[in-house]
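Chemist: Contents of start27.pdb (PDB, C-alpha atoms):
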```
ATOM      1  CA  MET A 294      -1.124  12.408   0.056
ATOM      2  CA  CYS A 295       0.690  13.496  -3.058
ATOM      3  CA  ASP A 296       0.114  11.389  -6.168
ATOM      4  CA  ARG A 297       3.765  10.260  -6.363
ATOM      5  CA  ALA A 298       3.711   8.923  -2.811
ATOM      6  CA  ILE A 299       0.531   6.927  -3.318
ATOM      7  CA  SER A 300       1.047   5.793  -6.893
ATOM      8  CA  THR A 301       2.773   2.454  -6.150
ATOM      9  CA  PRO A 302       0.295   1.129  -3.550
ATOM     10  CA  MET A 303      -2.662   2.321  -5.580
ATOM     11  CA  VAL A 304      -1.395   0.711  -8.802
ATOM     12  CA  LYS A 305      -1.083  -2.537  -6.807
ATOM     13  CA  ILE A 306      -4.683  -2.180  -5.629
ATOM     14  CA  SER A 307      -5.830  -1.484  -9.195
ATOM     15  CA  ARG A 308      -4.007  -4.609 -10.396
ATOM     16  CA  ALA A 309      -5.433  -6.728  -7.583
ATOM     17  CA  THR A 310      -8.939  -6.216  -8.956
ATOM     18  CA  PRO A 311      -9.337  -5.460 -12.673
ATOM     19  CA  ASP A 312     -12.671  -3.626 -12.348
ATOM     20  CA  ILE A 313     -11.228  -0.853 -10.173
ATOM     21  CA  GLY A 314      -9.768   1.920 -12.301
ATOM     22  CA  TYR A 315      -6.533   3.776 -11.548
ATOM     23  CA  PRO A 316      -7.323   6.149  -8.678
ATOM     24  CA  ILE A 317      -6.528   9.842  -8.416
ATOM     25  CA  SER A 318      -5.112  11.531  -5.302
ATOM     26  CA  GLY A 319      -4.984   8.343  -3.254
ATOM     27  CA  ARG A 320      -8.664   7.497  -3.558
ATOM     28  CA  CYS A 321     -10.115   4.228  -4.756
ATOM     29  CA  ASP A 322     -12.766   4.312  -7.435
ATOM     30  CA  ARG A 323     -16.367   3.395  -6.539
ATOM     31  CA  ALA A 324     -17.365   6.672  -4.878
ATOM     32  CA  TYR A 325     -14.032   6.970  -3.090
ATOM     33  CA  ALA A 326     -14.622   3.924  -0.932
ATOM     34  CA  CYS A 327     -11.167   3.893   0.639
ATOM     35  CA  ARG A 328      -8.016   5.823   1.504
ATOM     36  CA  VAL A 329      -4.409   4.676   1.471
ATOM     37  CA  LEU A 330      -1.894   6.300   3.806
ATOM     38  CA  PRO A 331       1.458   5.431   2.188
ATOM     39  CA  GLY A 332       4.980   5.027   3.474
ATOM     40  CA  GLY A 333       7.243   8.026   3.753
ATOM     41  CA  GLU A 334       7.928  10.396   6.632
ATOM     42  CA  SER A 335       5.076  10.310   9.141
ATOM     43  CA  THR A 336       5.790  13.709  10.728
ATOM     44  CA  THR A 337       5.726  15.392   7.310
ATOM     45  CA  GLN A 338       2.517  13.575   6.372
ATOM     46  CA  LEU A 339       0.905  14.503   9.687
ATOM     47  CA  GLN A 340       1.833  18.154   9.197
ATOM     48  CA  PHE A 341       0.340  18.037   5.687
ATOM     49  CA  LEU A 342      -2.911  16.489   6.961
ATOM     50  CA  GLN A 343      -3.243  19.120   9.670
ATOM     51  CA  GLU A 344      -2.338  22.109   7.481
ATOM     52  CA  GLU A 345      -4.631  21.056   4.642
ATOM     53  CA  GLY A 346      -7.614  20.346   6.890
ATOM     54  CA  LEU A 347      -7.528  16.605   6.180
ATOM     55  CA  TYR A 348      -6.851  15.366   9.716
ATOM     56  CA  GLN A 349     -10.477  15.498  10.905
ATOM     57  CA  ALA A 350     -11.781  14.599   7.440
ATOM     58  CA  ILE A 351      -9.877  11.288   7.474
ATOM     59  CA  ARG A 352     -11.008  10.537  11.021
ATOM     60  CA  LYS A 353     -14.636  11.084   9.971
ATOM     61  CA  PHE A 354     -14.129   9.119   6.747
ATOM     62  CA  SER A 355     -12.906   6.132   8.794
ATOM     63  CA  GLU A 356     -16.298   5.794  10.478
ATOM     64  CA  HIS A 357     -17.799   4.216   7.337
ATOM     65  CA  HIS A 358     -14.949   3.514   4.901
ATOM     66  CA  ALA A 359     -11.794   1.441   4.579
ATOM     67  CA  ILE A 360      -8.323   2.846   5.267
ATOM     68  CA  PHE A 361      -4.983   1.125   4.681
ATOM     69  CA  GLY A 362      -1.758   2.479   6.181
ATOM     70  CA  THR A 363       1.664   1.107   5.235
ATOM     71  CA  CYS A 364       4.817   1.888   7.246
ATOM     72  CA  ALA A 365       4.478   5.653   7.924
ATOM     73  CA  GLY A 366       0.752   5.237   7.259
ATOM     74  CA  ALA A 367       0.617   2.655  10.069
ATOM     75  CA  ILE A 368       2.321   5.186  12.360
ATOM     76  CA  LEU A 369      -0.358   7.743  11.483
ATOM     77  CA  LEU A 370      -3.113   5.261  12.364
ATOM     78  CA  ALA A 371      -1.748   4.291  15.809
ATOM     79  CA  ASN A 372      -3.165   5.625  19.084
ATOM     80  CA  ARG A 373       0.310   5.976  20.581
ATOM     81  CA  VAL A 374       3.578   6.771  18.792
ATOM     82  CA  LYS A 375       7.049   6.519  20.373
ATOM     83  CA  ASN A 376      10.672   7.245  19.379
ATOM     84  CA  PRO A 377       9.909  10.137  19.461
ATOM     85  CA  ALA A 378       6.330  10.668  20.559
ATOM     86  CA  GLN A 379       4.135  12.447  18.017
ATOM     87  CA  ASP A 380       0.487  13.097  17.312
ATOM     88  CA  SER A 381      -1.443  10.736  15.046
ATOM     89  CA  LEU A 382      -4.942  10.034  13.718
ATOM     90  CA  LYS A 383      -5.530   7.651  16.658
ATOM     91  CA  LEU A 384      -7.662   5.217  14.665
ATOM     92  CA  LEU A 385      -6.065   1.925  15.812
ATOM     93  CA  ASP A 386      -5.608   0.919  19.437
ATOM     94  CA  MET A 387      -1.907   0.148  19.263
ATOM     95  CA  THR A 388       1.464   1.490  20.372
ATOM     96  CA  ILE A 389       4.004   1.865  17.588
ATOM     97  CA  LEU A 390       7.739   2.554  17.766
ATOM     98  CA  ARG A 391       9.123   4.563  14.839
ATOM     99  CA  ASN A 392      12.193   3.046  13.090
ATOM    100  CA  GLY A 393      11.861   0.067  15.424
ATOM    101  CA  TYR A 394      13.818  -2.306  13.195
ATOM    102  CA  GLY A 395      16.654   0.179  12.785
ATOM    103  CA  ARG A 396      17.744   2.698  10.181
ATOM    104  CA  GLN A 397      18.088   2.301   6.414
ATOM    105  CA  LEU A 398      20.980  -0.199   6.640
ATOM    106  CA  ALA A 399      18.801  -2.544   8.706
ATOM    107  CA  SER A 400      16.088  -2.622   6.019
ATOM    108  CA  ASP A 401      15.471  -6.087   4.576
ATOM    109  CA  VAL A 402      13.014  -8.543   3.054
ATOM    110  CA  PHE A 403      11.521 -11.422   5.063
ATOM    111  CA  SER A 404       8.791 -14.025   4.648
ATOM    112  CA  GLY A 405       6.402 -15.217   7.304
ATOM    113  CA  PRO A 406       2.984 -16.676   8.094
ATOM    114  CA  SER A 407      -0.218 -14.707   7.812
ATOM    115  CA  THR A 408      -3.912 -15.341   8.220
ATOM    116  CA  LEU A 409      -4.465 -14.321   4.614
ATOM    117  CA  SER A 410      -2.822 -17.286   2.864
ATOM    118  CA  ASP A 411      -1.190 -20.644   3.484
ATOM    119  CA  VAL A 412       1.786 -19.380   1.471
ATOM    120  CA  PRO A 413       4.336 -17.307   3.445
ATOM    121  CA  LEU A 414       3.860 -13.578   2.972
ATOM    122  CA  GLU A 415       6.797 -11.599   1.575
ATOM    123  CA  MET A 416       7.423  -8.491   3.700
ATOM    124  CA  VAL A 417       9.682  -5.591   2.692
ATOM    125  CA  PHE A 418      10.792  -3.552   5.720
ATOM    126  CA  ILE A 419      12.307  -0.109   5.065
ATOM    127  CA  ARG A 420      13.098   1.840   8.260
ATOM    128  CA  ALA A 421      10.004   0.089   9.522
ATOM    129  CA  PRO A 422       8.123   0.807  12.718
ATOM    130  CA  VAL A 423       7.475  -1.906  15.317
ATOM    131  CA  ILE A 424       4.011  -2.476  16.755
ATOM    132  CA  GLU A 425       4.853  -2.839  20.459
ATOM    133  CA  LYS A 426       1.354  -3.456  21.743
ATOM    134  CA  VAL A 427      -2.143  -3.966  20.372
ATOM    135  CA  GLY A 428      -5.363  -3.325  22.250
ATOM    136  CA  LYS A 429      -8.616  -5.255  22.358
ATOM    137  CA  GLY A 430     -10.393  -5.439  19.041
ATOM    138  CA  ILE A 431      -7.180  -5.492  17.001
ATOM    139  CA  ALA A 432      -6.742  -8.632  14.889
ATOM    140  CA  VAL A 433      -3.125  -9.600  14.212
ATOM    141  CA  LEU A 434      -3.004 -10.911  10.635
ATOM    142  CA  ALA A 435       0.776 -11.421  10.346
ATOM    143  CA  LYS A 436       3.833 -11.443  12.600
ATOM    144  CA  HIS A 437       7.590 -11.156  12.163
ATOM    145  CA  ARG A 438       9.976 -12.142  14.977
ATOM    146  CA  GLY A 439       7.045 -12.335  17.358
ATOM    147  CA  GLN A 440       5.860  -8.793  16.613
ATOM    148  CA  ALA A 441       2.605  -7.917  14.863
ATOM    149  CA  VAL A 442       3.303  -6.477  11.392
ATOM    150  CA  LEU A 443      -0.159  -6.565   9.801
ATOM    151  CA  VAL A 444      -3.173  -5.628  11.905
ATOM    152  CA  GLN A 445      -6.833  -4.852  11.415
ATOM    153  CA  SER A 446      -9.693  -3.271  13.300
ATOM    154  CA  ASP A 447     -13.005  -3.184  11.467
ATOM    155  CA  ARG A 448     -12.221  -1.670   8.022
ATOM    156  CA  ILE A 449      -8.854  -0.227   9.023
ATOM    157  CA  LEU A 450      -5.761  -2.176   7.974
ATOM    158  CA  ALA A 451      -2.153  -1.329   8.864
ATOM    159  CA  ALA A 452       1.141  -2.900   7.763
ATOM    160  CA  THR A 453       4.573  -1.974   9.091
ATOM    161  CA  PHE A 454       6.053  -3.337   5.854
ATOM    162  CA  HIS A 455       5.564  -2.400   2.184
ATOM    163  CA  PRO A 456       3.345  -4.986   0.427
ATOM    164  CA  GLU A 457       3.315  -2.795  -2.703
ATOM    165  CA  LEU A 458       7.011  -3.588  -3.265
ATOM    166  CA  THR A 459       6.389  -7.308  -3.824
ATOM    167  CA  ALA A 460       4.753  -9.237  -6.651
ATOM    168  CA  ASP A 461       2.306 -10.806  -4.184
ATOM    169  CA  PRO A 462      -1.162  -9.168  -4.332
ATOM    170  CA  THR A 463      -2.478 -10.959  -1.202
ATOM    171  CA  VAL A 464      -2.539  -7.960   1.162
ATOM    172  CA  HIS A 465      -4.047  -5.630  -1.434
ATOM    173  CA  GLN A 466      -6.686  -8.185  -2.392
ATOM    174  CA  TYR A 467      -7.599  -8.528   1.272
ATOM    175  CA  PHE A 468      -7.863  -4.755   1.626
ATOM    176  CA  LEU A 469     -10.279  -4.722  -1.307
ATOM    177  CA  THR A 470     -12.515  -7.202   0.544
ATOM    178  CA  LEU A 471     -12.638  -4.659   3.391
ATOM    179  CA  VAL A 472     -13.538  -1.932   0.897
ATOM    180  CA  GLU A 473     -16.306  -4.032  -0.617
ATOM    181  CA  ASN A 474     -17.623  -6.151   2.250
ATOM    182  CA  GLY A 475     -16.205  -4.997   5.565
ATOM    183  CA  PRO A 476     -14.072  -7.100   7.929
ATOM    184  CA  SER A 477     -13.735 -10.818   7.233
ATOM    185  CA  ALA A 478     -10.531 -12.416   8.584
ATOM    186  CA  PRO A 479     -10.992 -16.139   9.396
ATOM    187  CA  PRO A 480     -10.759 -16.730  13.172
ATOM    188  CA  GLU A 481      -8.994 -20.111  12.841
ATOM    189  CA  ALA A 482      -6.245 -18.498  10.783
ATOM    190  CA  LYS A 483      -5.823 -15.767  13.404
ATOM    191  CA  ALA A 484      -5.227 -18.460  16.010
ATOM    192  CA  ARG A 485      -2.593 -20.094  13.774
ATOM    193  CA  VAL A 486      -0.603 -16.856  13.408
ATOM    194  CA  GLY A 487      -0.942 -16.161  17.143
ATOM    195  CA  ARG A 488       0.957 -19.393  17.897
ATOM    196  CA  LYS A 489       4.004 -18.439  15.778
TER     197      LYS A 489
END
```
What's the structure tokens form of this structure?
Modeler:
Amino acid sequence: MCDRAISTPMVKISRATPDIGYPISGRCDRAYACRVLPGGESTTQLQFLQEEGLYQAIRKFSEHHAIFGTCAGAILLANRVKNPAQDSLKLLDMTILRNGYGRQLASDVFSGPSTLSDVPLEMVFIRAPVIEKVGKGIAVLAKHRGQAVLVQSDRILAATFHPELTADPTVHQYFLTLVENGPSAPPEAKARVGRK
């Protein structure tokens, strides 16, 4: 993605761990161990990926490396996209509804439980998508109003909100554990969020 679009989430990742330098072109340091698919307009991003030959490259990259999609990035990662239907990278077994929480005027900030911390997670929703359904193998790490908003499968993480717009580094720190060590969400915490 363009540097301007990825600069905020990548600065947050750099701040979450001091020994990772500021990345260029959306790539983490350490031999480009991860990719971040930022918020924005998913159809425009998809067109860019396809026209620049990055669509298949990202799919192949995901086989061995971590990817984090926020908002539009989460849409790009989903297997199925609705409202309207569109193509995607199909890397997460989930159905996602574009602008599911409403248009710009419905954007807001909420807090809720997550598996990542005992402290409520601040979530900034801006024309956010709704994850309608998750398939087997998808861990739900946070929910809002009964809907999954932070999900993971292996080293792929997706948030329908914008964690880079808060002062809380929790989500970015967790993503860095996926970059470094692979998946590691505590099962007892997953059960706690599932009951909310």
Chemist: Once the PyMOL selection byres ((chain A and resi 464) around 12) has been applied to the shown file, what residues remain in the selection, as a ChimeraX atom specification?
Modeler: /A:302,305-306,309,361-363,407-410,413-416,434-435,442-445,450-452,454-463,465-471,478
Chemist: Given the file shown, determine the residues that the PyMOL selection byres ((chain A and resi 338) around 12) selects; report them as a PyMOL selection string.
Modeler: chain A and resi 294-295+298-299+330-337+339-345+347-348+362+364-370+379-382
Chemist: Here is a test: counting only C-alpha atoms, which residue of A:Gln349, A:Ser446, A:Thr453, A:Ser404 is nearest to Arg391 (chain A)?
Modeler: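 Nearest candidate to Arg391 (chain A) out of A:Gln349, A:Ser446, A:Thr453, A:Ser404: A:Thr453.
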Chemist: Kindly resolve the PyMOL selection byres ((chain A and resi 373) around 12) on the present coordinates and return the residues as a ChimeraX atom specification.
Modeler: /A:367-372,374-391,423-428
Chemist: At a cut-off of 8 Å from (-14.3, 2.9, 3.4) in the coordinates of the file, what residues are picked up using only C-alpha atoms, written as a ChimeraX atom specification?
Modeler: /A:325-328,354-360,448,471-472
Chemist: Counting all atoms listed in the file, which of A:Ile419, A:Val412, A:Val329, A:Ala350 gets nearest to Ile449 (chain A)?
Modeler: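 The shortest atom-to-atom distance to Ile449 (chain A) comes from A:Val329.
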Chemist: So what do you get for CA of Val417 (chain A) versus CA of Val402 (chain A), distance-wise?
Modeler: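 Straight-line distance from CA of Val417 (chain A) to CA of Val402 (chain A) works out to 4.5 Å.
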Chemist: Quick one: distance from CA of Ala432 (chain A) to CA of Gly405 (chain A) in Å, one decimal?
Modeler: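 Going from CA of Ala432 (chain A) over to CA of Gly405 (chain A) covers 16.5 Å.
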Chemist: Let me have the centre and edge lengths of the axis-aligned box enclosing all listed atoms of region 404-421 of chain A with 3 Å padding on every side, in Å to one decimal, as AutoDock Vina command-line options.
Modeler:
```
--center_x 4.3 --center_y -9.4 --center_z 5.5 --size_x 23.6 --size_y 28.5 --size_z 14.1
```
Chemist: Could you tell me how far CA of Gly430 (chain A) lies from CA of Phe403 (chain A), in Å and to one decimal?
Modeler: 26.7 Å
